[in-house]
Amino acid sequence: MYRYDEFDLAFVKQRVKQFRGQVERRLSGELSEDEFKPLRLMNGLYLQLHAYMLRVAVPYGTLSSRQLRKLAAIARKYDRGYGHFTTRQNIQYNWPKLVDVPDILEELATVEMHAIQTSGNCIRNVTADHFAGAAGDEIEDPRVYGEIIRQWSSLHPEFSFLPRKFKIAVTGAPNDRAAVRFHDIGLQIRRNAAGDVGFEVIVGGGLGRTPYIGVTIREFLPKQHLLSYLEAILRVYNQLGRRDNIYKARIKILVQQTGAEAFRDLVEDEWLQIKDGALTLPAEEIQRIEAYFAPPAFETLEANQPAFEARRFEDRAFARWVRSNVTPHKAPGYACVTISLKPEGEAPGDASAEQMEVVADLAERLSSDEIRVSHEQNLVLPHVRLTDLAEVWEALEANGLGTPNAGLVSDIIACPGLDYCNLANARSIPVAQRITQRFSDLKRQHEIGDLKIKISGCINACGHHHVGHIGILGVDKKGEEFYQITLGGSADQNAAIGKIIGPAFSYDEVVDAVDSVVATYLEQRREGERFNDTLARIGHAPFKEKLYAAA
Amino acid sequence: MSLKHTGLQVVTANRLRQGDVVYLTDGGSWSPHLNESRASADKAVVEAMLAKAAEDVAARLVVAPYAFEVVEIDGILQPLSTRETIRAAGPTVRADYRSTPPDPKQQVKAA
């Protein structure tokens, strides 16, 4: 893992001190709320529906045990004993007191963490594949470039006041687990015909009220040019992105209005002026960062582990968990474990302080001291020996973390919604909870197979509803909560935006509606078809017919 | 279920230091309980309540004040919107996440 150097440490400590002073001046009246608000937002502190909310960055979703224990300690000491993991691989605390936030930030700094650039119109925390460094299908570890981008973008003076927020995601594998086509910039690590490794550069993707799939403006960018090319994109956006209308300020609108080719030409022109300059990445610098992400010293193990296979054969519950929550690892005899934060009836992404500590202990003992946060609001133990899986599962089971539902119908992404958020129009979490209760039969969930439901409580789409196989969008109709259903979205390499199926459903009806859609899929699907395959073959009509038949 | 507009308004804000939700009371102080808030359908009174809230913003007691509509049912104030209902009672997702501590008066009654 990356470790702070003196520069990182000094700068984070300085920011804590600075924010402490800002809070003091706010409380003494030297700063008004209007003056203070942009300052607190720059440190990830919002005022939400019930209370302040602090968003802490988890760079490219990677945590050490020590860091996760600190997050747990903060939840216990300053909050209500839990935290919420987000679709941007961050953690949010829902109940901090303003007067405590400087102390929280000081505690975070002791484990090389902070809340800088988790809000505001700047380059946000860079996200990456949660199986980075472990996945069998990976070309290179995307976190190396996530870290390089973090260093470049942190407090970048030119990009601290962008037209709007800016999100970058990196994946190193062809199977996209980082939703790179739905970010302001998506970077897909590719190998070209000559065998060199570089980036496909995707720009202008995004969700929100106007969802777009990002467009590729460069098929292959050699590594050394990464930062100069990003800088060129950001410069074009900073100069031409709209500042007069918040709904049209994201880069996706600029790319659409300019046209992808014209936009690319603008970027390339800008790039030619700074290419091969100070931002060129020397190979030694890439190697220096790579060293921080060197894989742990994996033991040489047989790919087939009889003890593990025997347990799987004997214990159905274990076998079921392995089927959904354990994925192949690049090293023989190892696996990646997805820890579900979606137990039946609970808030997706929430973890108690005790649960965080259980995960931290398991990671320290059995996963090379590493934990990942996934954009699907789960945790991951990236490097577990097959022979340790049973022990890991038993510990998770005993602490409400063993739900065998990764990728299944109850593994729902949901934004905080009207239960916490100041912007929401409708609740998301209780809808997710009720869906998990409706599909509580795990055997049935496994029969249904991979199915992604994503729920947003307003058009800002924090719950990624546009890219759910089944998407649910909460809307307000005369003070009451209604839910629009979209079908056919996908956030992976088959990027697609879902289409609205018909009139919205009430809070009471929406779970039945989801059940109806799933039932139609099960009736119609052919062998091996996933939800979107069936939908593509038969179209919306059969779903719609059943869904609105009773009405 | 939709409740009729009555024009009855209360004023809410968040405490600056803590961030918790509070409501302006008859006595001009701030209470965590919606039911202790002052409610009025008189525009001039609501204006005065907002002016008092603005003073308390200046005095750094609260932030982000605004008025919203409630109805009174059997002597209990109830917000018209789902948003204000949740804001008053806390998240609906788990009882122990509720923002408002249990009302001590009600506990006495229960005992």
# chains A, B, ... in the order shown; residues from 1 in each chain; ligands from 1
>>> closest_atom_pairs(of="chain A", to="chain B", cutoff="6 Å", atoms="only C-alpha atoms", output="Markdown table")
| residue | atom | partner | partner_atom | distance |
| --- | --- | --- | --- | --- |
| A:His50 | CA | B:Val21 | CA | 5.8 |
| A:Ala51 | CA | B:Gly19 | CA | 4.6 |
| A:Tyr52 | CA | B:Gly19 | CA | 5.5 |
| A:Lys97 | CA | B:Gln18 | CA | 4.3 |
| A:Leu98 | CA | B:Arg17 | CA | 5.2 |
| A:Val99 | CA | B:Arg17 | CA | 5.6 |
| A:Asp419 | CA | B:Pro91 | CA | 4.5 |
| A:Pro430 | CA | B:Val93 | CA | 5.9 |
| A:Gly479 | CA | B:Ser81 | CA | 5.4 |
>>> write_last_selection(atoms="N, CA and C atoms", output="mmCIF file, in the first residue's frame")
data_model
loop_
_atom_site.group_PDB
_atom_site.id
_atom_site.type_symbol
_atom_site.label_atom_id
_atom_site.label_comp_id
_atom_site.auth_asym_id
_atom_site.auth_seq_id
_atom_site.Cartn_x
_atom_site.Cartn_y
_atom_site.Cartn_z
ATOM 1 N N HIS A 50 -30.511 15.754 8.863
ATOM 2 C CA HIS A 50 -30.605 15.716 10.324
ATOM 3 C C HIS A 50 -29.421 16.351 11.019
ATOM 4 N N ALA A 51 -28.290 16.378 10.376
ATOM 5 C CA ALA A 51 -27.055 16.686 11.092
ATOM 6 C C ALA A 51 -25.946 16.986 10.095
ATOM 7 N N TYR A 52 -24.743 17.248 10.619
ATOM 8 C CA TYR A 52 -23.586 17.337 9.736
ATOM 9 C C TYR A 52 -23.260 15.939 9.227
ATOM 10 N N LYS A 97 -20.509 16.028 15.238
ATOM 11 C CA LYS A 97 -20.745 17.410 15.676
ATOM 12 C C LYS A 97 -19.659 18.297 15.072
ATOM 13 N N LEU A 98 -20.057 19.488 14.687
ATOM 14 C CA LEU A 98 -19.076 20.406 14.100
ATOM 15 C C LEU A 98 -17.871 20.579 15.016
ATOM 16 N N VAL A 99 -18.131 20.719 16.308
ATOM 17 C CA VAL A 99 -17.032 20.988 17.243
ATOM 18 C C VAL A 99 -16.049 19.816 17.330
ATOM 19 N N ASP A 419 -33.940 9.515 3.911
ATOM 20 C CA ASP A 419 -33.674 9.234 5.321
ATOM 21 C C ASP A 419 -32.520 10.064 5.865
ATOM 22 N N PRO A 430 -35.181 2.204 2.728
ATOM 23 C CA PRO A 430 -36.277 1.295 3.091
ATOM 24 C C PRO A 430 -36.815 0.499 1.896
ATOM 25 N N GLY A 479 -45.838 15.763 -2.650
ATOM 26 C CA GLY A 479 -45.489 15.429 -1.267
ATOM 27 C C GLY A 479 -45.453 13.947 -0.973
#
>>> select_by_dssp(residues="chain B", states="alpha helix (DSSP H)", output="number ranges by chain")
B: 43-58, 82-89, 104-110
>>> write_last_selection(atoms="N, CA and C atoms", output="CSV table (one decimal), in the first residue's frame")
chain,number,residue,atom,x,y,z
B,43,LYS,N,-49.1,35.2,9.0
B,43,LYS,CA,-47.9,35.6,8.3
B,43,LYS,C,-47.0,36.4,9.0
B,44,ALA,N,-47.5,37.4,9.7
B,44,ALA,CA,-46.7,38.4,10.4
B,44,ALA,C,-46.0,37.7,11.6
B,45,VAL,N,-46.6,36.7,12.2
B,45,VAL,CA,-46.0,36.0,13.3
B,45,VAL,C,-44.9,35.1,12.8
B,46,VAL,N,-45.1,34.5,11.6
B,46,VAL,CA,-44.1,33.6,11.0
B,46,VAL,C,-42.9,34.5,10.6
B,47,GLU,N,-43.2,35.6,10.1
B,47,GLU,CA,-42.1,36.6,9.8
B,47,GLU,C,-41.3,36.9,11.0
B,48,ALA,N,-42.0,37.1,12.1
B,48,ALA,CA,-41.3,37.5,13.3
B,48,ALA,C,-40.4,36.3,13.8
B,49,MET,N,-41.0,35.1,13.7
B,49,MET,CA,-40.3,33.9,14.1
B,49,MET,C,-39.0,33.8,13.3
B,50,LEU,N,-39.1,34.0,12.0
B,50,LEU,CA,-37.9,33.9,11.1
B,50,LEU,C,-36.9,35.0,11.4
B,51,ALA,N,-37.4,36.2,11.8
B,51,ALA,CA,-36.5,37.2,12.3
B,51,ALA,C,-35.7,36.8,13.5
B,52,LYS,N,-36.5,36.2,14.4
B,52,LYS,CA,-35.8,35.7,15.7
B,52,LYS,C,-34.8,34.6,15.3
B,53,ALA,N,-35.1,33.8,14.3
B,53,ALA,CA,-34.2,32.8,13.9
B,53,ALA,C,-32.9,33.4,13.3
B,54,ALA,N,-33.1,34.5,12.5
B,54,ALA,CA,-32.0,35.2,11.9
B,54,ALA,C,-31.1,35.8,13.0
B,55,GLU,N,-31.7,36.3,14.1
B,55,GLU,CA,-30.9,36.8,15.2
B,55,GLU,C,-30.1,35.7,15.8
B,56,ASP,N,-30.7,34.5,15.9
B,56,ASP,CA,-29.9,33.4,16.5
B,56,ASP,C,-28.9,32.8,15.6
B,57,VAL,N,-29.1,33.0,14.3
B,57,VAL,CA,-28.0,32.7,13.4
B,57,VAL,C,-26.8,33.6,13.6
B,58,ALA,N,-27.1,34.9,13.7
B,58,ALA,CA,-26.1,35.9,14.0
B,58,ALA,C,-25.4,35.7,15.3
B,82,THR,N,-43.3,14.4,3.7
B,82,THR,CA,-42.5,13.2,4.2
B,82,THR,C,-41.2,13.7,4.7
B,83,ARG,N,-40.6,14.6,3.9
B,83,ARG,CA,-39.2,15.1,4.3
B,83,ARG,C,-39.2,15.6,5.7
B,84,GLU,N,-40.2,16.5,6.0
B,84,GLU,CA,-40.2,17.1,7.4
B,84,GLU,C,-40.5,16.0,8.5
B,85,THR,N,-41.4,15.1,8.1
B,85,THR,CA,-41.7,14.0,9.0
B,85,THR,C,-40.4,13.2,9.4
B,86,ILE,N,-39.6,12.9,8.4
B,86,ILE,CA,-38.4,12.1,8.6
B,86,ILE,C,-37.4,13.0,9.3
B,87,ARG,N,-37.4,14.3,9.0
B,87,ARG,CA,-36.4,15.2,9.6
B,87,ARG,C,-36.7,15.3,11.1
B,88,ALA,N,-38.0,15.3,11.4
B,88,ALA,CA,-38.4,15.4,12.8
B,88,ALA,C,-38.2,14.1,13.6
B,89,ALA,N,-38.4,13.0,13.0
B,89,ALA,CA,-38.4,11.7,13.7
B,89,ALA,C,-37.1,11.0,13.6
B,104,PRO,N,-38.6,12.3,27.5
B,104,PRO,CA,-38.7,11.9,28.9
B,104,PRO,C,-40.1,11.9,29.5
B,105,LYS,N,-40.9,12.9,29.0
B,105,LYS,CA,-42.2,13.0,29.5
B,105,LYS,C,-43.0,11.7,29.2
B,106,GLN,N,-42.8,11.3,28.0
B,106,GLN,CA,-43.6,10.1,27.5
B,106,GLN,C,-43.1,8.9,28.3
B,107,GLN,N,-41.8,8.8,28.6
B,107,GLN,CA,-41.3,7.7,29.4
B,107,GLN,C,-42.0,7.6,30.7
B,108,VAL,N,-42.1,8.8,31.3
B,108,VAL,CA,-42.8,8.8,32.6
B,108,VAL,C,-44.2,8.3,32.5
B,109,LYS,N,-44.9,8.7,31.4
B,109,LYS,CA,-46.3,8.2,31.2
B,109,LYS,C,-46.3,6.7,31.1
B,110,ALA,N,-45.3,6.2,30.3
B,110,ALA,CA,-45.3,4.8,30.1
B,110,ALA,C,-45.1,4.0,31.4
>>> atom_distance(atom1="CA of Asn94 (chain A)", atom2="CA of Tyr420 (chain A)")
7.7 Å
>>> atom_distance(atom1="CA of Glu69 (chain B)", atom2="CA of Gly417 (chain A)")
21.5 Å
>>> atom_distance(atom1="CA of Val517 (chain A)", atom2="CA of Ile459 (chain A)")
21.9 Å
>>> residues_around(residues="Phe159 (chain A)", least_positions_apart="4", cutoff="9 Å", atoms="only C-alpha atoms", output="list in words")
Asn121, Cys122, Ile123, Ser153, Leu155, Leu234, Arg235 and Asn238 of chain A
>>> residues_around(residues="Ser340 (chain A)", least_positions_apart="3", cutoff="12 Å", atoms="only C-alpha atoms", output="number ranges by chain")
A: 85, 321, 324-326, 337, 343-344, 346-351, 355, 359, 373-374, 376-381, 393, 396-397, 399-408, 410-413
>>> select_by_dssp(residues="chain B", states="strand (DSSP E)", output="list of chain:residue names")
B:Gln9, B:Val10, B:Val11, B:Thr12, B:Ala13, B:Asn14, B:Arg15, B:Val21, B:Val22, B:Tyr23, B:Leu24, B:Trp30, B:Ser31, B:Val62, B:Val63, B:Ala64, B:Pro65, B:Tyr66, B:Ala67, B:Phe68, B:Glu69, B:Val70, B:Val71, B:Glu72, B:Ile73, B:Ile76, B:Leu77, B:Gln78, B:Pro79
>>> residues_around(residues="Asp533 (chain A)", least_positions_apart="3", cutoff="12 Å", atoms="only C-alpha atoms", output="PyMOL selection string")
chain A and resi 450-451+469+487-490+494+521+524-530+536-540
>>> residues_around(residues="region 511-514 of chain A", least_positions_apart="3", cutoff="7 Å", atoms="only C-alpha atoms", output="number ranges by chain")
A: 434-435, 517-518, 547
